[in-house]
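Have a look at the structure below before the remarks.
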Amino acid sequence: MISIEQLSKTYVPGQAPSLDQVSLCIPDGAIYGILGRSGAGKSTLLRCLNLLERPSAGRIVLDGADLTALSDRELRLQRQRIGMIFQGFNLLHSRNVFDNIAVPLEIAKVSKAQRQARVLELLELVGLSDKALAFPSQLSGGQKQRVGIARALAARPAYLLSDEATSALDPETTASILELLRDINRQLGLTIVLITHELDVVKSICDHAASLANGRLVEAGPIAQLLANPDSVLGRSLLPGYSTALGSDAQVLELSFFDSLLATPVLSELTRQHGVAVDLLAQGVESVGGQNVGRLRVALRQPGSELKLTQVVDFLKQRGVRVERT
Amino acid sequence: MNRTIDWNEILQLVFNATGETLYMVLLAGLFTLLIGLPLGVLLFISRSGGIYPMPQLHKSLGGLVNLGRSLPFVVMLIALIPLTRLIVGTTLGSTAAVVPITIGAFPFFARIVENALDEVDKGRIEAILAMGGDLRDVIFKVLLPEALPALVAGVTLTLVMLIGFSSMAGVIGGGGLGDLAIRYGYQRFNNQVMVVTVIVLVVLVQSVQSLGDRMVRSLAHRR
C-alpha cells in the first residue's frame, strides 16, 4: 500500500505550489489512474512516489516505510521495488533489448545466469522474444514501451508507476499496451499507479481514479463509487458519451445504469407504476473500470397531469440509478 | 648555410621527427584522456541541479579549466618551463614537451567531455535512478556508453589539436616535426624539408580525422 500524506511540492519559494497537501491512499493490487490537465501536478505527484522529486513537505509511506526518512542506500533498495515506465521510453541506446531489460538486475546484483533466465522470461511476457538482439532505434513505439515494461518488471517490483506511458502511441498500440498492463496487474498482482490526461485510459483499465487540479486533489476513490455518486464531477466525466442527442422541452433527466442493472425494466416500471411517459433522447454504453455503464438522456411527461419529479427521482435512485437533472 | 642535402638525409630527418611527434601526441593524448575524462565527468555531475551537485567544486574546477584554456599555447609552453623541469628533470626533448602539451590540452578535452555528457537524454539518467541505481551506475551504464560516439569525436578533435601543439613544442626544443620545420625551414631556408614536413603533417591529421570519423559512424550505426 502506498500512502501519500499531506504531500506538498514548491519549486520556487513564494510561488504557487505544484502540489498542495495531497493525501491519497493506493491500495495493493489497484490500477490507480490519476487524471489532470497538463500543469495540474500529476507528473510531480508520480515522481514524488519514488522520490525522483523530493517533496517540500509531507510523507510517502510504502508498506510502512517512510521514503522521505530513508538514507540514500535504503532509498535505492526501496526503488528496486518500484518499477517505472515513461512517455519517452528512456531506453539505453547503447544496449540492445536484452541488455536493456537486464539493467535493473545488474543494479540489484543478480548473477549473470539468473539475469539471463529472467530476461528471457520477460521477453516472452511482453511478446518480444524475437527482438532480443535488436537496438531501441530499430523498434516501433509500441515495441519500445514493451521493452520499457519488461525492464520495469525485471527486478520483480511490487509497484509500477506509469508516467503517461501511452501518450506518445497511436490508439491501437495504446490499447495493446493497456491490455498488457492489465494482464500484468492480474497475473502478478502488481499495483499500478498511472498518470494520464486521457479519460479513455482510465475508463479502460483503472479501478480507482483521482483527479488533480492546480496541485490539489479534487476527487479520489474507487471508480464504481465515483460513477454512482451524482455529485462526482470525475464520475460524470467518466460516464459514456452520447452517440446522438435530441432536444426536448419536457423535463429532461440523465440516467446512468451500472452493470447488471438493465434500463428497460426500470423505465417500464416507471411508466406502469407512475404513469410517466419516457422519451429516449440519447444513449451510450461503455465499459468503465471493468463494469458496463449505460447512460440515457430521457424526457419525461405525465400525460393529463403535472409531473411529480421528486417522486420519480426518488424511485429511480432507489433502484440504483444515477440521476442528474439537466 | 643554404646547402642542399640529399633526399636520403631528408627522409631520415623527417622519419625521426615523425616518430618524435607521434611519441609526443600519443603520450600527451593518453595523459589528456586520463585527466580530462574524469575531470569532464566531475564537471558534469557537480553542476548545480546535476546528478551530484557540488556547486562550489564545480565553480572552482570550471575556473581552473577556463584558466588553462585562456592562455595561448606558446605562452603556456614557456610559462610552464619550471614545472616541466620539476616533473621530468629537464626542459629539453620530446618527453619534456609532453608536460606542457598535456596541460594545454586536458582542460579543452574536459569541456568536450562535459558537453558530450550534457547531450545524453536526461530521461535515461532518471530511468536508472528510478531503478535504484547509484552514481556509479549512472556514470558507467548511462553517461559514458550513451555519449560514446560524441566522446570518440571529441578524442579525434583533441588528437588533431595535439598534433598542432606538438609542432609548437619545437619552439622550446621539444623535437618532432615542428622542431624540424623551425630548424631547417625557418633557420636554414631549406624548402625541401619544409615541403616534406607539411605533407607529413597533412597526412597525419587527415588519417587521424578519417579514422575517428569511421569509428564514430560505426558506433552510431547500430544505435
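Going through the C-alpha cells in order, the chains are called A, B, and so on, while each chain numbers its residues from 1 and the ligands are numbered from 1 in the order shown.
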9 Å contact set for B:Leu162, only C-alpha atoms, chain neighbours under 2 positions out, as a JSON list (two decimals) with C-alpha atoms, in the first residue's frame:
[["chain", "number", "residue", "atom", "x", "y", "z"],
["B", 24, "MET", "CA", 54.53, 13.28, -28.01],
["B", 25, "VAL", "CA", 50.98, 13.12, -29.37],
["B", 26, "LEU", "CA", 50.25, 9.61, -28.12],
["B", 28, "ALA", "CA", 50.22, 13.50, -24.19],
["B", 29, "GLY", "CA", 46.97, 12.10, -25.63],
["B", 101, "ILE", "CA", 51.15, 19.72, -24.22],
["B", 102, "THR", "CA", 49.11, 17.71, -21.73],
["B", 104, "GLY", "CA", 47.42, 22.73, -22.62],
["B", 105, "ALA", "CA", 45.05, 20.03, -23.87],
["B", 157, "LEU", "CA", 39.32, 16.64, -32.30],
["B", 158, "THR", "CA", 41.74, 16.64, -29.37],
["B", 159, "LEU", "CA", 44.30, 14.46, -31.17],
["B", 160, "VAL", "CA", 44.33, 16.84, -34.12],
["B", 164, "GLY", "CA", 49.32, 21.19, -33.61],
["B", 165, "PHE", "CA", 50.53, 21.63, -30.03],
["B", 166, "SER", "CA", 53.38, 19.14, -30.51],
["B", 167, "SER", "CA", 54.57, 21.11, -33.52]]
Long-range neighbours of B:Ala96 as a PyMOL selection string, 10 Å cut-off, only C-alpha atoms, 4 positions minimum in chain: chain B and resi 24+81+83-85+87-92+100-101+169+172-175
What are the residues of chain B lining chain A at 9 Å or less? Count only C-alpha atoms, and put the answer as a list in words.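 Contact residues on the first chain: Asp121, Lys122, Gly123, Arg124, Ile125, Glu126, Ala127, Ile128, Leu129, Ala130, Met131, Gly132, Gly133, Asp134, Asp137, Lys141, Val142, Pro145, Glu146, Ala147, Leu148, Leu219, Ala220, Arg222 and Arg223 of chain B.
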Could you pull out the strand (DSSP E) residues of stretch 1-214 of chain A from DSSP and send them as a PyMOL selection string? chain A and resi 2-9+19-26+31-35+57-62+65-66+82-86+159-163+191-196+208-213
Using only N, CA and C atoms, please write the residues we just selected to a file, as a compact mmCIF listing (two decimals), in the first residue's frame.
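Saved the output as again.txt:
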# COMPACT_ATOMS: atom_id res chain seq x y z
N ILE A 2 0.52 2.18 -0.84
CA ILE A 2 1.22 3.46 -0.84
C ILE A 2 0.31 4.48 -0.18
N SER A 3 0.83 5.12 0.83
CA SER A 3 0.04 6.14 1.49
C SER A 3 0.72 7.49 1.32
N ILE A 4 0.01 8.39 0.66
CA ILE A 4 0.55 9.72 0.40
C ILE A 4 -0.06 10.65 1.44
N GLU A 5 0.79 11.28 2.24
CA GLU A 5 0.27 12.06 3.35
C GLU A 5 0.68 13.52 3.26
N GLN A 6 -0.32 14.37 3.05
CA GLN A 6 -0.12 15.83 3.10
C GLN A 6 1.06 16.28 2.24
N LEU A 7 1.13 15.72 1.04
CA LEU A 7 2.28 15.95 0.18
C LEU A 7 2.22 17.34 -0.47
N SER A 8 3.30 18.11 -0.32
CA SER A 8 3.38 19.41 -0.97
C SER A 8 4.71 19.52 -1.68
N LYS A 9 4.71 20.21 -2.81
CA LYS A 9 5.96 20.46 -3.52
C LYS A 9 5.94 21.89 -4.07
N LEU A 19 2.27 21.01 -5.89
CA LEU A 19 1.40 20.08 -5.17
C LEU A 19 1.05 20.74 -3.85
N ASP A 20 -0.23 20.65 -3.47
CA ASP A 20 -0.67 21.36 -2.29
C ASP A 20 -1.41 20.39 -1.37
N GLN A 21 -0.70 19.86 -0.37
CA GLN A 21 -1.28 18.99 0.64
C GLN A 21 -2.16 17.90 0.08
N VAL A 22 -1.56 17.09 -0.77
CA VAL A 22 -2.30 15.99 -1.38
C VAL A 22 -2.18 14.75 -0.49
N SER A 23 -3.32 14.17 -0.15
CA SER A 23 -3.33 12.92 0.59
C SER A 23 -4.12 11.89 -0.20
N LEU A 24 -3.55 10.69 -0.30
CA LEU A 24 -4.17 9.69 -1.16
C LEU A 24 -3.68 8.33 -0.69
N CYS A 25 -4.58 7.35 -0.76
CA CYS A 25 -4.16 6.00 -0.36
C CYS A 25 -4.34 5.07 -1.54
N ILE A 26 -3.26 4.39 -1.92
CA ILE A 26 -3.32 3.50 -3.07
C ILE A 26 -3.26 2.06 -2.59
N ILE A 31 -5.34 -0.64 -9.89
CA ILE A 31 -4.81 0.15 -11.00
C ILE A 31 -5.38 1.54 -10.80
N TYR A 32 -4.53 2.41 -10.29
CA TYR A 32 -4.99 3.73 -9.85
C TYR A 32 -4.66 4.77 -10.91
N GLY A 33 -5.67 5.38 -11.48
CA GLY A 33 -5.46 6.39 -12.51
C GLY A 33 -5.52 7.79 -11.92
N ILE A 34 -4.54 8.61 -12.20
CA ILE A 34 -4.57 10.00 -11.73
C ILE A 34 -4.72 10.91 -12.94
N LEU A 35 -5.84 11.61 -12.97
CA LEU A 35 -6.18 12.44 -14.12
C LEU A 35 -5.90 13.91 -13.83
N ALA A 57 7.12 19.04 1.59
CA ALA A 57 6.53 18.66 2.87
C ALA A 57 5.68 17.43 2.65
N GLY A 58 5.43 16.69 3.74
CA GLY A 58 4.59 15.52 3.63
C GLY A 58 5.40 14.24 3.56
N ARG A 59 4.69 13.12 3.54
CA ARG A 59 5.37 11.83 3.57
C ARG A 59 4.83 10.90 2.49
N ILE A 60 5.70 9.98 2.05
CA ILE A 60 5.28 8.89 1.18
C ILE A 60 5.57 7.61 1.97
N VAL A 61 4.54 6.89 2.34
CA VAL A 61 4.75 5.69 3.13
C VAL A 61 4.45 4.47 2.28
N LEU A 62 5.49 3.65 2.09
CA LEU A 62 5.38 2.49 1.23
C LEU A 62 5.45 1.24 2.11
N ALA A 65 7.09 1.98 5.31
CA ALA A 65 8.38 2.69 5.34
C ALA A 65 8.21 4.09 4.76
N ASP A 66 8.60 5.08 5.56
CA ASP A 66 8.51 6.46 5.09
C ASP A 66 9.72 6.77 4.19
N ILE A 82 9.95 -0.53 -6.97
CA ILE A 82 9.02 0.33 -7.69
C ILE A 82 9.48 0.46 -9.13
N GLY A 83 8.82 -0.22 -10.04
CA GLY A 83 9.17 -0.08 -11.46
C GLY A 83 8.59 1.21 -12.00
N MET A 84 9.17 1.71 -13.10
CA MET A 84 8.62 2.93 -13.67
C MET A 84 8.72 2.88 -15.19
N ILE A 85 7.66 3.29 -15.87
CA ILE A 85 7.70 3.42 -17.32
C ILE A 85 7.37 4.86 -17.71
N PHE A 86 7.87 5.26 -18.88
CA PHE A 86 7.88 6.68 -19.23
C PHE A 86 7.23 6.93 -20.59
N TYR A 159 5.32 -2.48 -7.19
CA TYR A 159 4.58 -1.35 -7.72
C TYR A 159 5.10 -0.97 -9.09
N LEU A 160 4.20 -0.42 -9.92
CA LEU A 160 4.61 0.07 -11.22
C LEU A 160 4.06 1.48 -11.40
N LEU A 161 4.94 2.43 -11.66
CA LEU A 161 4.50 3.80 -11.92
C LEU A 161 4.54 4.04 -13.42
N SER A 162 3.47 4.61 -13.94
CA SER A 162 3.41 4.85 -15.37
C SER A 162 3.23 6.35 -15.63
N ASP A 163 4.25 6.95 -16.22
CA ASP A 163 4.24 8.38 -16.47
C ASP A 163 3.79 8.65 -17.91
N THR A 191 0.62 -3.59 -8.18
CA THR A 191 -0.15 -2.36 -8.02
C THR A 191 0.35 -1.34 -9.05
N ILE A 192 -0.55 -0.77 -9.82
CA ILE A 192 -0.13 0.17 -10.86
C ILE A 192 -0.68 1.57 -10.57
N VAL A 193 0.19 2.55 -10.59
CA VAL A 193 -0.25 3.94 -10.48
C VAL A 193 0.07 4.59 -11.82
N LEU A 194 -0.94 5.11 -12.48
CA LEU A 194 -0.65 5.73 -13.77
C LEU A 194 -1.21 7.14 -13.81
N ILE A 195 -0.46 8.02 -14.45
CA ILE A 195 -0.99 9.36 -14.65
C ILE A 195 -1.26 9.52 -16.14
N THR A 196 -2.30 10.24 -16.44
CA THR A 196 -2.68 10.41 -17.83
C THR A 196 -3.57 11.64 -17.95
N HIS A 208 -9.49 2.44 -9.76
CA HIS A 208 -9.55 3.61 -8.89
C HIS A 208 -9.14 4.83 -9.71
N ALA A 209 -9.63 5.99 -9.32
CA ALA A 209 -9.23 7.20 -10.02
C ALA A 209 -9.17 8.38 -9.07
N ALA A 210 -8.31 9.33 -9.44
CA ALA A 210 -8.24 10.57 -8.68
C ALA A 210 -8.07 11.68 -9.70
N SER A 211 -8.53 12.87 -9.36
CA SER A 211 -8.28 13.98 -10.27
C SER A 211 -7.57 15.10 -9.52
N LEU A 212 -6.65 15.72 -10.23
CA LEU A 212 -5.87 16.82 -9.67
C LEU A 212 -6.17 18.08 -10.48
N ALA A 213 -6.22 19.21 -9.80
CA ALA A 213 -6.30 20.49 -10.49
C ALA A 213 -5.52 21.51 -9.68
Could you jot down the atom CA of A:Asp99 to atom CA of B:Val216 separation for me, Å, one decimal place?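 Going from atom CA of A:Asp99 over to atom CA of B:Val216 covers 21.5 Å.
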As a ChimeraX atom specification, list the residues of stretch 5-217 of chain B assigned to helix (DSSP H, G or I) by DSSP on the backbone atoms of this structure. /B:7-45,55-70,73-79,81-88,94-118,122-130,135-172,176-186,191-217
So that I can check the surroundings of B:Gly68, please list as a ChimeraX atom specification every protein, DNA and RNA residue that reaches within 9 Å of it, counting only C-alpha atoms and ignoring chain neighbours fewer than 4 positions away. /B:63-64,76,103-108
With C-alpha atoms kept, could you save the residues just selected as a PDB file, in the first residue's frame?
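Everything below was put into part-v3.pdb:
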ATOM      1  CA  GLY B  63      37.583  28.380 -13.309  1.00  0.00           C
ATOM      2  CA  LEU B  64      40.707  26.228 -13.488  1.00  0.00           C
ATOM      3  CA  MET B  76      51.929  28.375 -21.710  1.00  0.00           C
ATOM      4  CA  ILE B 103      48.449  20.727 -19.555  1.00  0.00           C
ATOM      5  CA  GLY B 104      47.416  22.726 -22.615  1.00  0.00           C
ATOM      6  CA  ALA B 105      45.054  20.028 -23.873  1.00  0.00           C
ATOM      7  CA  PHE B 106      43.263  18.441 -20.912  1.00  0.00           C
ATOM      8  CA  PRO B 107      41.114  21.462 -19.986  1.00  0.00           C
ATOM      9  CA  PHE B 108      39.888  21.592 -23.591  1.00  0.00           C
TER      10      PHE B 108
END
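Between atom CA of A:Ser71 and atom CA of A:Ile101 there is a distance of 26.8 Å.
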When you draw a straight line from atom CA of B:Gly178 to atom CA of B:Leu34, how long is it in Å? 25.3 Å
Option closest in space to A:Pro171, from A:Tyr242, A:Phe98, A:Asp200, A:Asp183 [counting only C-alpha atoms]: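 So, comparing all the options, the nearest one is A:Asp200.
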Return the single residue from A:Glu324, A:Glu306, A:Asp259, A:Asp314 that is closest to A:Gly290, with distances computed using only C-alpha atoms. A:Asp259
Need the shell around A:Leu122: protein/DNA/RNA residues with any atom at most 9 Å away, counting only C-alpha atoms. Skip same-chain ones fewer than 2 positions apart. Format as a PDB file with C-alpha atoms, in the first residue's frame?
ATOM      1  CA  ILE A 101      15.926  -5.348 -19.706  1.00  0.00           C
ATOM      2  CA  ALA A 117      16.861 -16.625 -17.375  1.00  0.00           C
ATOM      3  CA  ARG A 118      14.838 -13.673 -16.071  1.00  0.00           C
ATOM      4  CA  VAL A 119      15.283 -11.582 -19.211  1.00  0.00           C
ATOM      5  CA  LEU A 120      14.185 -14.461 -21.458  1.00  0.00           C
ATOM      6  CA  GLU A 124       8.262 -13.902 -23.526  1.00  0.00           C
ATOM      7  CA  LEU A 125       5.841 -11.995 -21.273  1.00  0.00           C
ATOM      8  CA  VAL A 126       5.881  -8.861 -23.435  1.00  0.00           C
ATOM      9  CA  GLY A 127       5.952 -10.813 -26.698  1.00  0.00           C
ATOM     10  CA  LEU A 128       9.355  -9.662 -27.956  1.00  0.00           C
ATOM     11  CA  SER A 129      11.369 -12.890 -27.834  1.00  0.00           C
ATOM     12  CA  VAL A 147      10.756  -3.227 -23.581  1.00  0.00           C
ATOM     13  CA  ALA A 150       9.782  -5.641 -19.300  1.00  0.00           C
ATOM     14  CA  ARG A 151      12.645  -3.586 -17.878  1.00  0.00           C
ATOM     15  CA  LEU A 153       9.260  -5.601 -14.146  1.00  0.00           C
ATOM     16  CA  ALA A 154      12.723  -7.194 -14.198  1.00  0.00           C
TER      17      ALA A 154
END
